[in-house]
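File shown: coords.txt. Contents: compact mmCIF, C-alpha atoms (C1' of nucleotides).
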# COMPACT_ATOMS: atom_id res chain seq x y z
CA MET R 1 29.48 30.60 -22.46
CA PRO R 2 29.57 28.01 -25.27
CA ARG R 3 29.21 24.46 -24.13
CA LYS R 4 32.33 22.29 -24.09
CA ASP R 5 30.87 19.68 -26.40
CA GLY R 6 30.31 22.35 -29.00
CA THR R 7 26.58 21.74 -29.35
CA GLU R 8 24.34 24.73 -29.50
CA SER R 9 21.32 25.17 -27.29
CA PRO R 10 18.64 27.78 -26.94
CA TRP R 11 19.94 28.43 -23.45
CA ILE R 12 20.88 32.01 -23.74
CA PRO R 13 24.20 32.73 -22.09
CA GLY R 14 24.09 35.24 -19.31
CA LYS R 15 20.33 35.29 -19.13
CA LEU R 16 20.22 32.26 -16.92
CA SER R 17 23.75 31.38 -16.13
CA GLY R 18 25.57 33.93 -14.09
CA GLN R 19 22.78 33.97 -11.57
CA GLY R 20 23.53 30.66 -9.97
CA HIS R 21 21.37 28.70 -12.39
CA ARG R 22 22.67 25.39 -13.65
CA MET R 23 22.31 23.80 -17.02
CA THR R 24 20.80 20.42 -16.31
CA VAL R 25 19.59 17.53 -18.40
CA PRO R 26 15.90 18.17 -17.68
CA ARG R 27 16.23 21.84 -18.53
CA LYS R 28 17.94 21.06 -21.80
CA ALA R 29 15.19 18.62 -22.67
CA ILE R 30 12.47 21.14 -21.89
CA LEU R 31 14.14 23.84 -23.95
CA ASN R 32 14.56 21.47 -26.84
CA VAL R 33 10.90 20.60 -26.80
CA LEU R 34 9.93 24.25 -26.64
CA SER R 35 12.19 25.16 -29.52
CA GLU R 36 10.71 22.47 -31.71
CA THR R 37 7.11 23.21 -30.95
CA THR R 38 4.83 25.11 -33.27
CA SER R 39 1.88 25.46 -30.93
CA HIS R 40 1.05 26.76 -27.48
CA PRO R 41 1.68 23.77 -25.28
CA SER R 42 0.45 23.60 -21.72
CA ALA R 43 2.74 22.40 -18.95
CA GLU R 44 1.32 18.91 -19.21
CA GLU R 45 1.76 18.79 -22.97
CA ILE R 46 5.36 19.85 -22.52
CA TYR R 47 5.76 17.23 -19.83
CA LEU R 48 4.45 14.51 -22.14
CA ALA R 49 6.72 15.58 -24.97
CA VAL R 50 9.78 15.66 -22.75
CA HIS R 51 8.79 12.38 -21.18
CA LYS R 52 9.16 10.62 -24.51
CA VAL R 53 12.80 11.57 -24.71
CA TYR R 54 13.60 11.72 -21.02
CA PRO R 55 11.19 9.48 -19.11
CA ALA R 56 12.64 10.34 -15.71
CA ILE R 57 11.27 13.87 -15.94
CA GLY R 58 8.76 14.93 -13.32
CA LEU R 59 5.84 17.26 -13.88
CA THR R 60 7.06 19.40 -11.00
CA THR R 61 10.32 20.03 -12.77
CA VAL R 62 8.49 21.13 -15.88
CA TYR R 63 6.53 23.68 -13.90
CA ARG R 64 9.60 24.89 -12.09
CA THR R 65 11.69 25.20 -15.22
CA LEU R 66 8.96 27.03 -17.08
CA GLU R 67 8.60 29.48 -14.22
CA LEU R 68 12.35 30.05 -14.27
CA LEU R 69 12.30 30.68 -17.99
CA VAL R 70 9.38 33.05 -17.67
CA GLN R 71 11.09 34.98 -14.89
CA ASN R 72 14.10 35.40 -17.12
CA GLY R 73 12.20 36.44 -20.18
CA LEU R 74 13.04 33.41 -22.27
CA VAL R 75 9.53 32.08 -22.30
CA PHE R 76 6.21 33.77 -22.61
CA LYS R 77 3.36 32.48 -20.47
CA PHE R 78 -0.25 33.28 -21.12
CA ASP R 79 -3.75 32.09 -20.60
CA PHE R 80 -6.55 32.00 -23.11
CA GLY R 81 -9.16 31.39 -20.49
CA ASP R 82 -9.35 27.64 -20.57
CA GLY R 83 -7.91 27.12 -17.13
CA ARG R 84 -4.37 26.18 -18.01
CA ALA R 85 -1.37 28.26 -18.80
CA ARG R 86 0.35 28.00 -22.16
CA TYR R 87 3.97 28.62 -23.01
CA GLU R 88 6.02 29.78 -25.96
CA LEU R 89 9.68 30.56 -26.42
CA THR R 90 10.07 34.30 -26.62
CA GLU R 91 12.41 33.95 -29.56
CA SER R 92 11.83 30.77 -31.44
CA PRO R 93 14.73 30.20 -33.82
CA THR R 94 13.28 27.37 -35.84
CA SER R 95 9.57 27.62 -35.30
CA ILE R 96 6.50 29.75 -35.69
CA GLY R 97 7.95 33.18 -35.39
CA HIS R 98 6.21 36.14 -33.92
CA HIS R 99 2.48 36.10 -34.09
CA HIS R 100 -0.64 37.27 -32.35
CA HIS R 101 -3.81 35.50 -31.40
CA LEU R 102 -7.45 35.35 -32.26
CA VAL R 103 -9.65 33.41 -29.88
CA CYS R 104 -13.24 32.29 -30.09
CA THR R 105 -14.86 32.94 -26.73
CA ARG R 106 -17.35 30.19 -27.26
CA CYS R 107 -15.39 27.17 -28.51
CA ARG R 108 -11.96 28.44 -27.42
CA ARG R 109 -10.48 27.85 -30.83
CA ILE R 110 -7.20 29.68 -31.23
CA VAL R 111 -5.98 31.15 -34.48
CA ASP R 112 -2.39 32.33 -34.74
CA TYR R 113 -2.03 35.12 -37.20
CA SER R 114 1.00 36.90 -38.45
CA ASP R 115 -0.77 38.99 -41.02
CA PHE R 116 -1.01 42.66 -40.18
CA ILE R 117 1.92 42.32 -37.83
CA ASP R 118 4.35 44.34 -39.87
CA GLU R 119 2.12 47.34 -39.70
CA GLU R 120 1.78 46.88 -35.97
CA LYS R 121 5.50 46.61 -35.45
CA GLU R 122 6.39 50.24 -35.65
CA LEU R 123 3.52 51.39 -33.50
CA LEU R 124 4.31 48.77 -30.90
CA LYS R 125 7.91 49.83 -30.79
CA LYS R 126 6.87 53.42 -30.24
CA THR R 127 4.37 52.47 -27.58
CA GLU R 128 6.92 50.29 -25.91
CA LYS R 129 9.35 53.14 -25.74
CA GLY R 130 6.73 55.47 -24.33
CA LEU R 131 5.58 53.02 -21.70
CA SER R 132 9.09 52.11 -20.79
CA LYS R 133 9.89 55.73 -20.07
CA LYS R 134 6.68 56.72 -18.34
CA TYR R 135 6.31 53.72 -16.07
CA ASN R 136 9.96 52.82 -15.77
CA PHE R 137 9.55 49.30 -17.07
CA GLU R 138 12.05 47.24 -18.95
CA ILE R 139 9.70 45.74 -21.49
CA ALA R 140 10.47 42.23 -22.65
CA ASN R 141 7.57 41.38 -24.91
CA HIS R 142 3.98 42.01 -25.81
CA PHE R 143 0.84 40.03 -26.30
CA ILE R 144 -2.03 40.95 -28.54
CA LEU R 145 -5.28 39.08 -28.53
CA PHE R 146 -8.52 39.56 -30.37
CA GLN R 147 -11.60 37.86 -29.01
CA GLY R 148 -14.75 37.04 -30.86
CA LEU R 149 -16.92 34.38 -32.31
CA CYS R 150 -15.79 32.06 -35.06
CA GLU R 151 -18.06 31.21 -37.95
CA GLU R 152 -19.36 27.94 -36.52
CA CYS R 153 -20.18 29.44 -33.16
CA ARG R 154 -21.97 32.34 -34.74
CA LYS R 155 -24.18 29.90 -36.62
CA ALA R 156 -24.68 27.66 -33.59
CA LYS R 157 -25.89 30.65 -31.64
CA GLN R 158 -29.12 30.99 -33.58
CA MET H 1 -36.58 45.33 -23.38
CA PRO H 2 -36.62 48.22 -20.89
CA ARG H 3 -37.39 47.22 -17.35
CA LYS H 4 -40.84 47.93 -15.97
CA ASP H 5 -39.53 49.99 -13.12
CA GLY H 6 -37.83 52.31 -15.54
CA THR H 7 -34.32 51.80 -14.17
CA GLU H 8 -31.52 51.29 -16.56
CA SER H 9 -29.17 48.35 -16.35
CA PRO H 10 -26.11 47.26 -18.24
CA TRP H 11 -28.06 44.22 -19.34
CA ILE H 12 -27.99 44.74 -23.02
CA PRO H 13 -31.27 43.93 -24.67
CA GLY H 14 -31.08 41.18 -27.20
CA LYS H 15 -27.61 40.15 -26.19
CA LEU H 16 -28.80 38.00 -23.35
CA SER H 17 -32.55 38.08 -23.43
CA GLY H 18 -34.07 36.41 -26.44
CA GLN H 19 -31.96 33.35 -25.85
CA GLY H 20 -33.84 31.97 -22.91
CA HIS H 21 -31.81 33.89 -20.38
CA ARG H 22 -33.60 35.46 -17.47
CA MET H 23 -32.93 38.69 -15.64
CA THR H 24 -32.58 37.71 -12.03
CA VAL H 25 -31.71 39.52 -8.86
CA PRO H 26 -28.24 37.98 -8.54
CA ARG H 27 -27.40 38.81 -12.14
CA LYS H 28 -28.49 42.41 -11.69
CA ALA H 29 -26.34 42.68 -8.60
CA ILE H 30 -23.31 41.24 -10.36
CA LEU H 31 -23.70 43.58 -13.30
CA ASN H 32 -24.08 46.55 -11.00
CA VAL H 33 -20.89 45.69 -9.23
CA LEU H 34 -19.06 45.25 -12.50
CA SER H 35 -20.29 48.56 -13.84
CA GLU H 36 -19.10 50.41 -10.76
CA THR H 37 -15.70 48.80 -10.58
CA THR H 38 -12.52 50.51 -11.65
CA SER H 39 -10.20 47.56 -11.37
CA HIS H 40 -9.85 43.99 -12.58
CA PRO H 41 -11.73 42.04 -9.96
CA SER H 42 -11.41 38.32 -9.63
CA ALA H 43 -14.47 36.16 -9.18
CA GLU H 44 -14.01 36.16 -5.46
CA GLU H 45 -13.63 39.92 -5.28
CA ILE H 46 -16.82 40.27 -7.25
CA TYR H 47 -18.47 37.80 -4.94
CA LEU H 48 -17.45 39.80 -1.88
CA ALA H 49 -18.68 43.06 -3.36
CA VAL H 50 -22.01 41.57 -4.34
CA HIS H 51 -22.28 39.90 -0.98
CA LYS H 52 -22.36 43.27 0.76
CA VAL H 53 -25.48 44.25 -1.09
CA TYR H 54 -27.01 40.83 -1.57
CA PRO H 55 -25.74 38.46 1.11
CA ALA H 56 -27.61 35.47 -0.23
CA ILE H 57 -25.37 35.31 -3.29
CA GLY H 58 -23.31 32.18 -3.78
CA LEU H 59 -19.84 32.04 -5.27
CA THR H 60 -21.09 29.47 -7.74
CA THR H 61 -23.61 31.92 -9.12
CA VAL H 62 -20.91 34.50 -9.59
CA TYR H 63 -18.83 32.09 -11.63
CA ARG H 64 -21.83 31.00 -13.66
CA THR H 65 -22.99 34.51 -14.37
CA LEU H 66 -19.53 35.67 -15.35
CA GLU H 67 -19.20 32.77 -17.74
CA LEU H 68 -22.56 33.65 -19.26
CA LEU H 69 -21.51 37.27 -19.70
CA VAL H 70 -18.22 36.26 -21.25
CA GLN H 71 -19.94 33.90 -23.67
CA ASN H 72 -22.14 36.75 -24.76
CA GLY H 73 -19.40 39.29 -25.14
CA LEU H 74 -20.53 41.58 -22.32
CA VAL H 75 -17.57 40.81 -20.15
CA PHE H 76 -13.93 40.34 -20.88
CA LYS H 77 -12.09 37.60 -19.01
CA PHE H 78 -8.36 37.39 -18.81
CA ASP H 79 -5.52 36.11 -16.78
CA PHE H 80 -2.33 37.89 -15.84
CA GLY H 81 -0.66 34.73 -14.71
CA ASP H 82 -1.42 34.85 -11.01
CA GLY H 83 -3.69 31.85 -11.01
CA ARG H 84 -7.04 33.55 -11.01
CA ALA H 85 -9.14 34.97 -13.77
CA ARG H 86 -10.08 38.62 -13.83
CA TYR H 87 -13.11 40.27 -15.32
CA GLU H 88 -14.08 43.59 -16.85
CA LEU H 89 -17.20 44.87 -18.52
CA THR H 90 -16.53 45.10 -22.23
CA GLU H 91 -18.16 48.51 -22.33
CA SER H 92 -18.01 50.25 -19.02
CA PRO H 93 -20.31 53.25 -19.10
CA THR H 94 -19.26 54.84 -15.83
CA SER H 95 -15.84 53.46 -15.14
CA ILE H 96 -12.28 53.24 -16.27
CA GLY H 97 -12.72 53.33 -19.95
CA HIS H 98 -10.68 51.46 -22.44
CA HIS H 99 -7.15 50.70 -21.44
CA HIS H 100 -4.35 48.26 -21.94
CA HIS H 101 -2.01 46.54 -19.54
CA LEU H 102 1.58 46.49 -18.45
CA VAL H 103 2.60 43.63 -16.19
CA CYS H 104 5.75 42.95 -14.24
CA THR H 105 6.62 39.30 -14.69
CA ARG H 106 8.43 39.20 -11.41
CA CYS H 107 6.16 40.89 -8.86
CA ARG H 108 2.99 40.68 -10.95
CA ARG H 109 2.27 44.35 -10.53
CA ILE H 110 -0.29 45.53 -13.07
CA VAL H 111 -0.32 48.99 -14.61
CA ASP H 112 -3.34 50.10 -16.58
CA TYR H 113 -2.41 52.59 -19.20
CA SER H 114 -4.52 54.55 -21.58
CA ASP H 115 -1.71 56.61 -23.02
CA PHE H 116 -0.77 55.76 -26.56
CA ILE H 117 -4.19 54.21 -27.07
CA ASP H 118 -5.51 56.78 -29.47
CA GLU H 119 -2.70 56.08 -31.86
CA GLU H 120 -3.39 52.39 -31.60
CA LYS H 121 -7.08 52.78 -32.24
CA GLU H 122 -6.96 53.22 -35.96
CA LEU H 123 -4.50 50.45 -36.53
CA LEU H 124 -6.49 48.09 -34.35
CA LYS H 125 -9.65 48.88 -36.23
CA LYS H 126 -7.91 48.10 -39.50
CA THR H 127 -6.41 44.90 -38.15
CA GLU H 128 -9.76 43.90 -36.75
CA LYS H 129 -11.38 44.35 -40.09
CA GLY H 130 -8.70 42.34 -41.83
CA LEU H 131 -8.82 39.49 -39.35
CA SER H 132 -12.57 39.48 -39.34
CA LYS H 133 -12.59 39.00 -43.08
CA LYS H 134 -9.75 36.53 -43.40
CA TYR H 135 -10.68 34.23 -40.56
CA ASN H 136 -14.41 34.82 -40.56
CA PHE H 137 -14.56 35.95 -36.98
CA GLU H 138 -16.98 38.39 -35.45
CA ILE H 139 -14.54 40.29 -33.29
CA ALA H 140 -15.85 41.59 -29.99
CA ASN H 141 -12.79 43.07 -28.37
CA HIS H 142 -9.07 43.07 -28.05
CA PHE H 143 -6.51 42.79 -25.35
CA ILE H 144 -3.03 44.24 -25.40
CA LEU H 145 -0.44 43.42 -22.82
CA PHE H 146 3.17 44.40 -22.40
CA GLN H 147 5.32 42.31 -20.11
CA GLY H 148 8.52 43.30 -18.46
CA LEU H 149 10.26 44.19 -15.26
CA CYS H 150 9.29 47.13 -13.10
CA GLU H 151 11.92 49.36 -11.55
CA GLU H 152 11.98 47.65 -8.15
CA CYS H 153 12.33 44.21 -9.62
CA ARG H 154 15.09 45.30 -11.94
CA LYS H 155 17.02 46.56 -8.93
CA ALA H 156 16.22 43.50 -6.84
CA LYS H 157 17.63 41.32 -9.57
CA GLN H 158 21.18 42.45 -9.02
C1' DA W 1 -52.34 32.87 -10.82
C1' DT W 2 -49.97 28.74 -12.91
C1' DG W 3 -46.51 25.73 -14.40
C1' DA W 4 -42.57 24.58 -17.28
C1' DA W 5 -38.02 25.67 -17.45
C1' DA W 6 -34.17 28.32 -16.01
C1' DT W 7 -31.60 29.64 -11.98
C1' DT W 8 -29.78 29.31 -7.54
C1' DG W 9 -26.73 27.92 -3.56
C1' DA W 10 -24.39 24.50 -0.57
C1' DA W 11 -21.51 20.93 -0.76
C1' DA W 12 -18.55 17.88 -2.98
C1' DA W 13 -15.61 17.00 -6.79
C1' DC W 14 -12.11 18.47 -9.95
C1' DC W 15 -7.73 19.48 -11.52
C1' DA W 16 -3.90 22.72 -12.57
C1' DT W 17 -0.36 24.32 -9.88
C1' DT W 18 2.63 24.69 -5.71
C1' DA W 19 4.94 23.23 -1.42
C1' DT W 20 7.51 19.71 1.07
C1' DC W 21 11.46 17.03 1.71
C1' DA W 22 14.72 13.50 1.16
C1' DT W 23 17.78 12.32 -2.67
C1' DT W 24 20.65 13.35 -6.68
C1' DA W 25 23.47 16.03 -9.77
C1' DA W 26 26.07 20.25 -11.39
C1' DG W 27 30.15 22.53 -11.60
C1' DG W 28 33.78 25.43 -9.26
C1' DA W 29 37.79 24.80 -6.12
C1' DG W 30 41.73 22.51 -5.34
C1' DC K 1 40.08 14.30 -11.79
C1' DT K 2 37.97 14.34 -7.13
C1' DC K 3 35.59 16.89 -3.47
C1' DC K 4 32.15 19.43 -1.75
C1' DT K 5 28.80 23.00 -1.53
C1' DT K 6 24.59 24.11 -3.24
C1' DA K 7 21.16 23.97 -6.71
C1' DA K 8 17.97 20.93 -8.80
C1' DT K 9 15.04 16.93 -9.02
C1' DG K 10 10.92 14.03 -8.45
C1' DA K 11 7.34 11.62 -5.67
C1' DT K 12 3.87 12.88 -2.84
C1' DA K 13 0.81 15.72 -0.46
C1' DA K 14 -1.40 20.03 -0.11
C1' DT K 15 -3.50 24.13 -2.09
C1' DG K 16 -6.97 26.74 -4.05
C1' DG K 17 -9.54 28.46 -8.00
C1' DT K 18 -13.22 26.67 -10.66
C1' DT K 19 -16.85 23.29 -11.93
C1' DT K 20 -20.28 19.78 -11.05
C1' DT K 21 -24.17 17.95 -8.70
C1' DC K 22 -28.74 18.19 -7.18
C1' DA K 23 -32.67 19.51 -4.62
C1' DA K 24 -35.06 23.82 -3.82
C1' DT K 25 -36.36 28.33 -5.58
C1' DT K 26 -37.48 31.88 -8.89
C1' DT K 27 -38.66 33.77 -13.34
C1' DC K 28 -41.85 34.88 -16.81
C1' DA K 29 -44.81 33.49 -20.71
C1' DT K 30 -49.41 31.97 -20.75
Write the structure described by the file as structure tokens, please.
Amino acid sequence: MPRKDGTESPWIPGKLSGQGHRMTVPRKAILNVLSETTSHPSAEEIYLAVHKVYPAIGLTTVYRTLELLVQNGLVFKFDFGDGRARYELTESPTSIGHHHHLVCTRCRRIVDYSDFIDEEKELLKKTEKGLSKKYNFEIANHFILFQGLCEECRKAKQ
Amino acid sequence: MPRKDGTESPWIPGKLSGQGHRMTVPRKAILNVLSETTSHPSAEEIYLAVHKVYPAIGLTTVYRTLELLVQNGLVFKFDFGDGRARYELTESPTSIGHHHHLVCTRCRRIVDYSDFIDEEKELLKKTEKGLSKKYNFEIANHFILFQGLCEECRKAKQ
DNA sequence: ATGAAATTGAAAACCATTATCATTAAGGAG
DNA sequence: CTCCTTAATGATAATGGTTTTCAATTTCAT
């Protein structure tokens, strides 16, 4: 369902439309922000970014839209343990690309890594297939996280 | 530092003691509950379980102790997106054993799986080593999560 | 046994997220 | 293009998990 004005948007046809969902100005703005982000913004960070370009936006709408996107598999929501959820486009056309995470349990520093991912890919695909069959899930994405202590925190510990 | 009464506890010598931390009755009770649990209890669930055996416990103490255990790598804290953190002993001697997670993004159902884990083990170890070296992290544990839609929710969607 | 320092628990504060509800906007029908 | 149904929005209030505060208690090295 290409838009009449010819512009392209990350709104994936059929994933949201076709279920009674409407393409609104706030939703476009939120998707644009997400697609241009290279980090793991929280709802409030997304709100602030959208606010710059669309000051009428309300925080409530950000939360609601994110939830909608999560429910439809367009956005991945996760929590590193710092008390606020973080969001990422499932498929980010222009930005970071697929990566996994390394978190320091002491200072909460987050490292995105994409090394070692190629080797993981095949195994993950196989696992995904196995899980999908055994538990009857339609798997949309995965999340891998390593936890530990970064160099500074290891030193600070002594 | 074995206890004088000869009983064994999951309190790992040197990991908590030796840093000014004390072994108290509430902490013992919390660790006992954790070591006998086969699920992913939230702080409140842990509080309720401890309360049965040690009614004087306060919810605050549960939160504080869990945070201490997380900071010291004895407990793994994570969030499936339902607004409360969940906790697991990093090494559970008597209970579930190592497993990964499969979550339905719609109904939030959680499936623990330990299938496919053996095949992952070697790769994870290699990845861990690589990350450890490249980013100078001391890695304590990992967390793997697949997200998707369970059978019921897939049907309900239509 | 003693005392400094860590720990505890009740209560209040905090703050991310959700619910409420009156108003506005999207988009298909005509 | 205009109507009209219904979804979506945003301000505000409410919710609820988690953290802070602080006086009282407990631990454990001495």
I'd like the contact shell of segment 24-29 of chain W - 9 Å cut-off, all atoms listed in the file, skipping same-chain residues fewer than 2 positions apart - returned as a list of chain:residue names. R:Arg22, R:Met23, R:Thr24, K:DC3, K:DC4, K:DA7, K:DA8, K:DT9
Output of the above residues as an mmCIF file, keeping the file's coordinate frame, restricted to C-alpha atoms (C1' of nucleotides):
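The resulting selection.cif:
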data_model
loop_
_atom_site.group_PDB
_atom_site.id
_atom_site.type_symbol
_atom_site.label_atom_id
_atom_site.label_comp_id
_atom_site.auth_asym_id
_atom_site.auth_seq_id
_atom_site.Cartn_x
_atom_site.Cartn_y
_atom_site.Cartn_z
ATOM 1 C CA ARG R 22 22.670 25.390 -13.650
ATOM 2 C CA MET R 23 22.310 23.800 -17.020
ATOM 3 C CA THR R 24 20.800 20.420 -16.310
ATOM 4 C "C1'" DC K 3 35.590 16.890 -3.470
ATOM 5 C "C1'" DC K 4 32.150 19.430 -1.750
ATOM 6 C "C1'" DA K 7 21.160 23.970 -6.710
ATOM 7 C "C1'" DA K 8 17.970 20.930 -8.800
ATOM 8 C "C1'" DT K 9 15.040 16.930 -9.020
#
Shell of 8 Å around segment 129-146 of chain R, only C-alpha atoms (C1' of nucleotides), local chain residues under 2 positions omitted, as a PyMOL selection string: (chain R and resi 73+90+100-103+125-127+148) or (chain H and resi 104+116+128+139-151+154)
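Using all atoms listed in the file, one finds that the residues of chain R close to chain W, at 12 Å or less, are R:Ser17, R:Gly20, R:His21, R:Arg22, R:Met23, R:Thr24, R:Val25, R:Pro26, R:Ser42, R:Ala43, R:Glu44, R:Leu59, R:Thr60, R:Thr61, R:Val62, R:Tyr63, R:Arg64, R:Glu67, R:Asp82, R:Gly83, R:Arg84, R:Ala85, R:Arg86.
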Top pick for closest residue to Phe76 of chain R, considering R:Arg108, R:Ala29, R:Leu34, R:Leu16 and counting all atoms listed in the file: R:Leu34
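Of the listed residues (R:Thr65, R:Gly58, R:Ser35, R:Gln19), R:Gln19 comes nearest to chain H; the distances count only C-alpha atoms.
Of the listed residues (H:Ile57, H:Glu122, H:Lys77, H:His98), H:Lys77 comes nearest to chain R; the distances count only C-alpha atoms.
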